[in-house]
>>> print(open('my_file-v2.cif').read())   # mmCIF, C-alpha atoms
data_input
#
loop_
_atom_site.label_atom_id
_atom_site.label_comp_id
_atom_site.auth_asym_id
_atom_site.auth_seq_id
_atom_site.Cartn_x
_atom_site.Cartn_y
_atom_site.Cartn_z
CA MET F 1 -23.92 -44.04 -49.64
CA PRO F 2 -27.53 -45.05 -50.21
CA ASN F 3 -29.37 -47.06 -47.59
CA ALA F 4 -32.31 -48.39 -49.64
CA GLU F 5 -30.22 -50.22 -52.24
CA PRO F 6 -27.09 -52.36 -51.91
CA VAL F 7 -23.81 -50.50 -52.11
CA ARG F 8 -22.05 -51.04 -55.44
CA TYR F 9 -18.27 -51.42 -55.71
CA VAL F 10 -16.48 -51.52 -59.07
CA ALA F 11 -12.74 -52.13 -59.47
CA LEU F 12 -10.84 -50.82 -62.50
CA GLY F 13 -7.25 -51.69 -63.30
CA ASP F 14 -4.70 -54.21 -64.50
CA SER F 15 -3.22 -57.46 -63.17
CA GLN F 16 -2.84 -56.24 -59.59
CA THR F 17 -6.55 -55.47 -59.40
CA GLU F 18 -7.38 -58.70 -61.21
CA GLY F 19 -5.53 -60.46 -58.38
CA LEU F 20 -2.38 -61.99 -59.85
CA GLY F 21 -0.12 -63.29 -57.10
CA ASP F 22 -3.10 -64.20 -54.89
CA GLY F 23 -4.26 -67.57 -56.18
CA ASP F 24 -3.96 -68.64 -59.81
CA ASP F 25 -6.01 -69.26 -62.92
CA THR F 26 -6.74 -72.83 -61.79
CA VAL F 27 -8.08 -72.21 -58.28
CA GLY F 28 -9.14 -68.65 -59.03
CA LEU F 29 -7.66 -65.24 -58.27
CA ARG F 30 -8.55 -63.24 -55.18
CA GLY F 31 -6.48 -60.08 -54.93
CA PHE F 32 -6.85 -56.80 -53.10
CA ALA F 33 -10.09 -55.83 -54.84
CA ASP F 34 -11.83 -59.03 -53.74
CA ARG F 35 -10.42 -58.49 -50.27
CA LEU F 36 -11.55 -54.86 -50.19
CA ALA F 37 -14.99 -56.05 -51.27
CA GLY F 38 -14.90 -58.19 -48.15
CA HIS F 39 -14.18 -55.16 -45.98
CA LEU F 40 -16.97 -53.26 -47.71
CA THR F 41 -19.39 -56.17 -47.28
CA ALA F 42 -18.68 -56.20 -43.54
CA ALA F 43 -19.63 -52.51 -43.42
CA HIS F 44 -22.44 -52.74 -45.97
CA PRO F 45 -24.12 -56.17 -46.01
CA GLY F 46 -25.50 -57.06 -49.40
CA LEU F 47 -22.72 -55.24 -51.25
CA LEU F 48 -22.61 -55.82 -55.01
CA TYR F 49 -19.14 -56.07 -56.56
CA ALA F 50 -17.75 -56.03 -60.11
CA ASN F 51 -14.11 -56.30 -61.15
CA LEU F 52 -13.37 -55.03 -64.67
CA ALA F 53 -9.57 -55.34 -64.45
CA VAL F 54 -7.56 -57.21 -67.08
CA ARG F 55 -3.88 -58.07 -66.74
CA GLY F 56 -1.36 -56.29 -68.95
CA ARG F 57 -3.49 -53.22 -69.53
CA LEU F 58 -1.89 -49.79 -69.79
CA ALA F 59 -3.59 -46.82 -68.11
CA GLY F 60 -5.00 -45.62 -71.42
CA GLN F 61 -6.45 -49.06 -72.12
CA VAL F 62 -8.04 -49.17 -68.67
CA ARG F 63 -9.69 -45.81 -69.39
CA ALA F 64 -10.78 -46.77 -72.90
CA GLU F 65 -12.07 -50.25 -72.04
CA GLN F 66 -13.27 -50.04 -68.45
CA LEU F 67 -14.45 -46.52 -67.64
CA ALA F 68 -17.69 -46.56 -69.63
CA PRO F 69 -18.74 -50.03 -68.35
CA ALA F 70 -17.89 -48.91 -64.81
CA LEU F 71 -20.03 -45.79 -65.09
CA ALA F 72 -22.89 -47.88 -66.50
CA LEU F 73 -22.84 -49.94 -63.27
CA ARG F 74 -23.45 -46.75 -61.21
CA PRO F 75 -20.91 -47.54 -58.50
CA ASP F 76 -21.00 -45.99 -55.06
CA VAL F 77 -17.35 -46.95 -54.56
CA ALA F 78 -14.64 -47.52 -57.16
CA THR F 79 -10.93 -48.24 -57.08
CA VAL F 80 -8.68 -47.13 -59.93
CA VAL F 81 -5.22 -48.70 -59.82
CA ALA F 82 -3.18 -48.55 -63.03
CA GLY F 83 0.04 -47.11 -64.41
CA VAL F 84 2.68 -49.66 -63.41
CA ASN F 85 2.60 -51.28 -66.85
CA ASP F 86 3.20 -47.84 -68.34
CA VAL F 87 6.14 -47.21 -66.01
CA LEU F 88 7.76 -50.42 -67.24
CA ARG F 89 7.55 -49.45 -70.93
CA PRO F 90 10.62 -47.94 -72.64
CA ARG F 91 8.55 -45.06 -74.05
CA PHE F 92 6.89 -44.11 -70.78
CA ASP F 93 4.96 -40.83 -70.95
CA PRO F 94 4.23 -39.79 -67.35
CA ALA F 95 1.96 -36.87 -68.27
CA ALA F 96 -0.17 -39.03 -70.57
CA THR F 97 -0.36 -41.87 -68.04
CA ALA F 98 -1.40 -39.52 -65.22
CA GLY F 99 -3.86 -37.89 -67.61
CA HIS F 100 -5.64 -41.19 -68.21
CA LEU F 101 -5.89 -41.76 -64.46
CA GLU F 102 -7.19 -38.25 -63.89
CA GLU F 103 -9.86 -38.68 -66.58
CA MET F 104 -11.11 -41.74 -64.70
CA PHE F 105 -10.98 -39.91 -61.37
CA ALA F 106 -12.91 -36.98 -62.83
CA ALA F 107 -15.61 -39.03 -64.57
CA LEU F 108 -16.27 -41.30 -61.61
CA THR F 109 -16.33 -38.59 -58.94
CA ALA F 110 -18.55 -36.43 -61.17
CA ALA F 111 -21.01 -39.34 -61.16
CA GLY F 112 -21.07 -39.29 -57.36
CA THR F 113 -18.72 -42.25 -56.85
CA ARG F 114 -16.34 -42.41 -53.91
CA VAL F 115 -13.01 -43.23 -55.56
CA ALA F 116 -9.81 -44.61 -54.04
CA THR F 117 -6.39 -45.31 -55.49
CA VAL F 118 -2.86 -46.16 -54.33
CA THR F 119 0.70 -44.97 -54.71
CA PHE F 120 3.37 -47.44 -55.81
CA PRO F 121 6.27 -48.83 -53.74
CA ASP F 122 9.88 -48.22 -54.74
CA VAL F 123 10.56 -50.93 -57.31
CA ALA F 124 14.30 -50.74 -56.63
CA GLU F 125 13.67 -52.06 -53.12
CA VAL F 126 11.64 -54.95 -54.52
CA ALA F 127 13.91 -55.83 -57.46
CA PRO F 128 17.36 -54.17 -57.39
CA LEU F 129 17.78 -54.67 -61.14
CA ALA F 130 14.82 -52.30 -61.58
CA LYS F 131 16.65 -49.40 -59.86
CA PRO F 132 16.64 -47.24 -63.04
CA LEU F 133 12.84 -47.13 -62.77
CA ARG F 134 12.86 -45.45 -59.34
CA PRO F 135 12.58 -41.85 -60.65
CA ARG F 136 9.62 -42.87 -62.80
CA VAL F 137 7.79 -44.41 -59.85
CA LEU F 138 8.41 -41.39 -57.62
CA ASP F 139 7.23 -39.04 -60.38
CA MET F 140 4.15 -41.16 -61.03
CA ASN F 141 3.27 -41.16 -57.33
CA ASP F 142 3.47 -37.36 -57.20
CA ARG F 143 1.19 -37.10 -60.24
CA ILE F 144 -1.30 -39.54 -58.71
CA ARG F 145 -1.42 -37.52 -55.49
CA GLU F 146 -1.94 -34.26 -57.38
CA ALA F 147 -4.70 -35.66 -59.59
CA ALA F 148 -6.39 -37.33 -56.64
CA ALA F 149 -6.35 -34.08 -54.66
CA ARG F 150 -8.03 -32.23 -57.52
CA HIS F 151 -10.95 -34.67 -57.55
CA GLY F 152 -11.34 -35.67 -53.91
CA VAL F 153 -10.00 -39.18 -54.49
CA ALA F 154 -8.82 -41.13 -51.44
CA VAL F 155 -5.17 -42.23 -51.66
CA ALA F 156 -3.76 -45.26 -49.86
CA GLU F 157 -0.10 -44.31 -49.48
CA THR F 158 1.36 -47.76 -49.95
CA GLY F 159 4.28 -46.09 -51.72
CA LEU F 160 5.46 -44.48 -48.47
CA VAL F 161 5.37 -47.52 -46.17
CA PRO F 162 8.67 -49.41 -45.77
CA ALA F 163 6.82 -52.66 -45.11
CA ALA F 164 5.43 -52.54 -48.65
CA THR F 165 8.83 -53.47 -50.06
CA ASP F 166 9.37 -56.46 -47.78
CA PRO F 167 9.95 -59.46 -50.11
CA ARG F 168 7.21 -61.35 -48.27
CA MET F 169 4.72 -58.82 -49.61
CA TRP F 170 5.52 -59.86 -53.18
CA SER F 171 5.05 -62.96 -55.28
CA THR F 172 8.06 -64.66 -56.83
CA ASP F 173 7.74 -62.57 -60.01
CA ARG F 174 8.21 -59.36 -57.95
CA LEU F 175 5.62 -57.67 -60.15
CA HIS F 176 2.52 -58.70 -58.23
CA ALA F 177 1.71 -58.68 -54.55
CA SER F 178 1.65 -61.94 -52.59
CA PRO F 179 -1.53 -62.92 -50.73
CA LEU F 180 -0.17 -61.02 -47.71
CA GLY F 181 0.62 -58.03 -49.91
CA HIS F 182 -2.85 -58.03 -51.43
CA ALA F 183 -4.37 -58.22 -47.94
CA ARG F 184 -2.37 -55.17 -46.89
CA ILE F 185 -3.32 -53.19 -49.99
CA ALA F 186 -6.97 -53.93 -49.23
CA ALA F 187 -6.49 -52.83 -45.62
CA ALA F 188 -4.78 -49.64 -46.79
CA LEU F 189 -7.68 -48.82 -49.10
CA ALA F 190 -10.17 -49.62 -46.35
CA GLU F 191 -8.44 -47.10 -44.10
CA ALA F 192 -8.27 -44.51 -46.91
CA LEU F 193 -12.03 -44.92 -47.39
CA GLY F 194 -12.63 -44.63 -43.64
CA LEU F 195 -14.35 -47.99 -43.31
CA PRO F 196 -15.40 -49.05 -39.79
CA GLY F 197 -12.78 -51.20 -38.11
CA SER F 198 -9.98 -50.11 -40.42
CA GLY F 199 -6.69 -48.80 -39.11
CA ASP F 200 -2.99 -48.51 -39.74
CA ALA F 201 -2.00 -52.09 -38.93
CA TRP F 202 -1.21 -52.51 -42.64
CA THR F 203 1.77 -50.18 -42.16
CA HIS F 204 3.39 -52.31 -39.46
CA PRO F 205 6.64 -54.12 -40.34
CA LEU F 206 6.77 -57.90 -40.50
CA PRO F 207 8.93 -59.87 -38.03
CA PRO F 208 12.64 -59.76 -38.90
CA ARG F 209 14.00 -62.33 -41.34
CA PRO F 210 17.39 -64.04 -41.11
CA PRO F 211 19.92 -62.09 -43.22
CA ARG F 212 20.81 -63.52 -46.63
CA GLY F 213 24.40 -63.58 -47.87
CA GLY F 214 25.68 -61.83 -50.94
CA LEU F 215 25.96 -65.00 -53.01
CA ALA F 216 22.40 -66.03 -52.22
CA THR F 217 21.18 -62.55 -53.10
CA ALA F 218 23.03 -62.56 -56.41
CA ALA F 219 21.69 -66.02 -57.24
CA ALA F 220 18.15 -64.87 -56.46
CA GLU F 221 18.55 -61.86 -58.76
CA LEU F 222 19.84 -64.01 -61.62
CA GLY F 223 17.02 -66.52 -61.10
CA TRP F 224 14.43 -63.76 -61.16
CA ALA F 225 15.91 -62.22 -64.31
CA ALA F 226 15.89 -65.58 -66.10
CA GLY F 227 12.51 -66.75 -64.86
CA PHE F 228 10.46 -63.56 -65.00
CA LEU F 229 12.27 -60.55 -66.43
CA GLY F 230 13.43 -62.36 -69.58
CA PRO F 231 9.98 -63.70 -70.53
CA TRP F 232 8.40 -60.31 -69.80
CA LEU F 233 10.90 -58.57 -72.10
CA GLY F 234 10.29 -61.22 -74.74
CA ARG F 235 6.57 -60.47 -74.77
CA ARG F 236 7.28 -56.76 -75.11
CA LEU F 237 9.63 -57.32 -78.07
CA ARG F 238 6.98 -59.46 -79.78
CA GLY F 239 4.29 -56.86 -79.12
CA ARG F 240 2.33 -59.24 -76.95
CA SER F 241 0.63 -58.84 -73.58
CA SER F 242 -0.26 -61.29 -70.84
CA GLY F 243 -3.81 -59.99 -71.17
CA ASP F 244 -4.23 -60.79 -74.86
CA GLY F 245 -7.60 -62.48 -75.38
CA ARG F 246 -8.67 -62.02 -71.75
CA THR F 247 -11.78 -60.34 -70.40
CA ALA F 248 -12.83 -59.11 -66.96
CA LYS F 249 -13.35 -61.80 -64.32
CA ARG F 250 -16.43 -60.09 -62.81
CA PRO F 251 -17.97 -57.88 -65.51
CA GLY F 252 -21.29 -57.66 -63.71
CA LEU F 253 -22.31 -56.72 -60.19
CA ARG F 254 -22.98 -59.60 -57.83
CA PRO F 255 -22.54 -60.36 -54.12
CA LEU F 256 -19.09 -61.39 -52.93
CA GLU F 257 -18.72 -65.13 -52.47
CA GLY F 258 -17.04 -66.38 -49.32
CA PRO F 259 -16.51 -64.77 -45.90
CA PRO F 260 -16.14 -61.02 -45.64
CA GLY F 261 -12.91 -59.42 -44.53
CA SER F 262 -9.27 -59.91 -45.43
#
>>> encode(input="my_file-v2.cif", output="structure tokens")
Amino acid sequence: MPNAEPVRYVALGDSQTEGLGDGDDTVGLRGFADRLAGHLTAAHPGLLYANLAVRGRLAGQVRAEQLAPALALRPDVATVVAGVNDVLRPRFDPAATAGHLEEMFAALTAAGTRVATVTFPDVAEVAPLAKPLRPRVLDMNDRIREAAARHGVAVAETGLVPAATDPRMWSTDRLHASPLGHARIAAALAEALGLPGSGDAWTHPLPPRPPRGGLATAAAELGWAAGFLGPWLGRRLRGRSSGDGRTAKRPGLRPLEGPPGS
């Protein structure tokens, strides 16, 4: 990374990268990308950071809408995290989704950018009603690893860590990480990038929780389906997205506000 100019970090992706689950639209969203920018700022004071992510975007939309602006910002470091929205669609095309990710990996690394990405946790462990999606997630993770290996992209293996499916790592919608989950994703990416002071603490399990009975579990599943799954399916049937009309929260490079770190 250059020494004469500030290091530039650009985040590409969907709602997870935008920061949903870590703050809200009233107080502002933080998310793993903001938190990773904190880790990078600690290692590279004066870091400049842009976040091009928009919620609801499919991998192809991330490539079409965010790749060219990202390249124009000449990043030294970039994260590319997308594909979950594709996995959730009835007409999921794993080869096409992985192809969009690989195009971003290829273009960014060819420009001299250090790129990092993640694998996805088992959704069946997070939301049992989503168990039919498990083979898709496992297949997508394999494709991400293969594409990343071809282009020298660092992979944070959050999909292999049991702690990643702890309910405390997830917001109430079970689609987005909680503040703790976002902090761990950022720590995982920091380790994958080899940042000073990073380590594997993000893999450690949380303290045990009191067991929950079968009735309470069933009630929680029904509540989640009514409160989050139903509205999500309704948007899909109407051809709408949570990102309709939205733009990137940090389209330009600027220093990270607030204290560095997670």
>>> resolve_selection(input="my_file-v2.cif", expression="the PyMOL selection byres ((chain F and resi 247-255) around 6)", output="MDAnalysis selection string")
chainID F and resid 47:54 246 256
>>> residues_near_point(input="my_file-v2.cif", point="(-5.1, -35.6, -67.2)", cutoff="12 Å", atoms="all atoms listed in the file", output="tab-separated table (two decimals) with C-alpha atoms, keeping the file's coordinate frame")
chain	number	residue	atom	x	y	z
F	59	ALA	CA	-3.59	-46.82	-68.11
F	60	GLY	CA	-5.00	-45.62	-71.42
F	63	ARG	CA	-9.69	-45.81	-69.39
F	93	ASP	CA	4.96	-40.83	-70.95
F	94	PRO	CA	4.23	-39.79	-67.35
F	95	ALA	CA	1.96	-36.87	-68.27
F	96	ALA	CA	-0.17	-39.03	-70.57
F	97	THR	CA	-0.36	-41.87	-68.04
F	98	ALA	CA	-1.40	-39.52	-65.22
F	99	GLY	CA	-3.86	-37.89	-67.61
F	100	HIS	CA	-5.64	-41.19	-68.21
F	101	LEU	CA	-5.89	-41.76	-64.46
F	102	GLU	CA	-7.19	-38.25	-63.89
F	103	GLU	CA	-9.86	-38.68	-66.58
F	104	MET	CA	-11.11	-41.74	-64.70
F	105	PHE	CA	-10.98	-39.91	-61.37
F	106	ALA	CA	-12.91	-36.98	-62.83
F	107	ALA	CA	-15.61	-39.03	-64.57
F	143	ARG	CA	1.19	-37.10	-60.24
F	144	ILE	CA	-1.30	-39.54	-58.71
F	146	GLU	CA	-1.94	-34.26	-57.38
F	147	ALA	CA	-4.70	-35.66	-59.59
F	148	ALA	CA	-6.39	-37.33	-56.64
F	150	ARG	CA	-8.03	-32.23	-57.52
F	151	HIS	CA	-10.95	-34.67	-57.55
>>> closest_residue(input="my_file-v2.cif", among="F:Trp202, F:Tyr9, F:Phe120, F:Phe32", to="Met140 of chain F", atoms="all atoms listed in the file")
F:Phe120
>>> residues_around(input="my_file-v2.cif", residues="segment 163-165 of chain F", least_positions_apart="6", cutoff="7 Å", atoms="only C-alpha atoms", output="JSON, numbers by chain")
{"F": [121, 125, 126, 203, 204, 205, 206]}
>>> resolve_selection(input="my_file-v2.cif", expression="the PyMOL selection byres ((chain F and resi 34) around 12)", output="VMD selection string")
chain F and resid 9 to 11 16 to 20 22 to 23 28 to 33 35 to 41 47 to 53 79 179 182 to 183 185 to 187 189 249 to 250 254 to 262
>>> residues_around(input="my_file-v2.cif", residues="Leu195 of chain F", least_positions_apart="3", cutoff="8 Å", atoms="all atoms listed in the file", output="count of residues only")
7
>>> atom_distance(input="my_file-v2.cif", atom1="atom CA of Gly13 of chain F", atom2="atom CA of Ala68 of chain F")
13.2 Å
>>> closest_residue(input="my_file-v2.cif", among="F:Ala110, F:Thr172, F:Leu193, F:Leu88", to="Pro132 of chain F", atoms="only C-alpha atoms")
F:Leu88
>>> resolve_selection(input="my_file-v2.cif", expression="the PyMOL selection byres ((chain F and resi 157) around 8)", output="PyMOL selection string")
chain F and resi 118-120+155-156+158-161+188
>>> closest_residue(input="my_file-v2.cif", among="F:Val87, F:Val77, F:Val27, F:Ala64", to="Arg8 of chain F", atoms="all atoms listed in the file")
F:Val77
>>> atom_distance(input="my_file-v2.cif", atom1="atom CA of Met169 of chain F", atom2="atom CA of Leu138 of chain F")
19.5 Å
>>> atom_distance(input="my_file-v2.cif", atom1="atom CA of Glu65 of chain F", atom2="atom CA of Phe92 of chain F")
20.0 Å
>>> closest_residue(input="my_file-v2.cif", among="F:Ser171, F:Val7, F:Gly152, F:Ala201", to="Gly46 of chain F", atoms="all atoms listed in the file")
F:Val7
>>> closest_residue(input="my_file-v2.cif", among="F:Gly197, F:Pro69, F:Leu12, F:Arg114", to="Ala82 of chain F", atoms="only C-alpha atoms")
F:Leu12
>>> closest_residue(input="my_file-v2.cif", among="F:Gly21, F:Arg134, F:Arg145, F:Val81", to="Arg168 of chain F", atoms="only C-alpha atoms")
F:Gly21
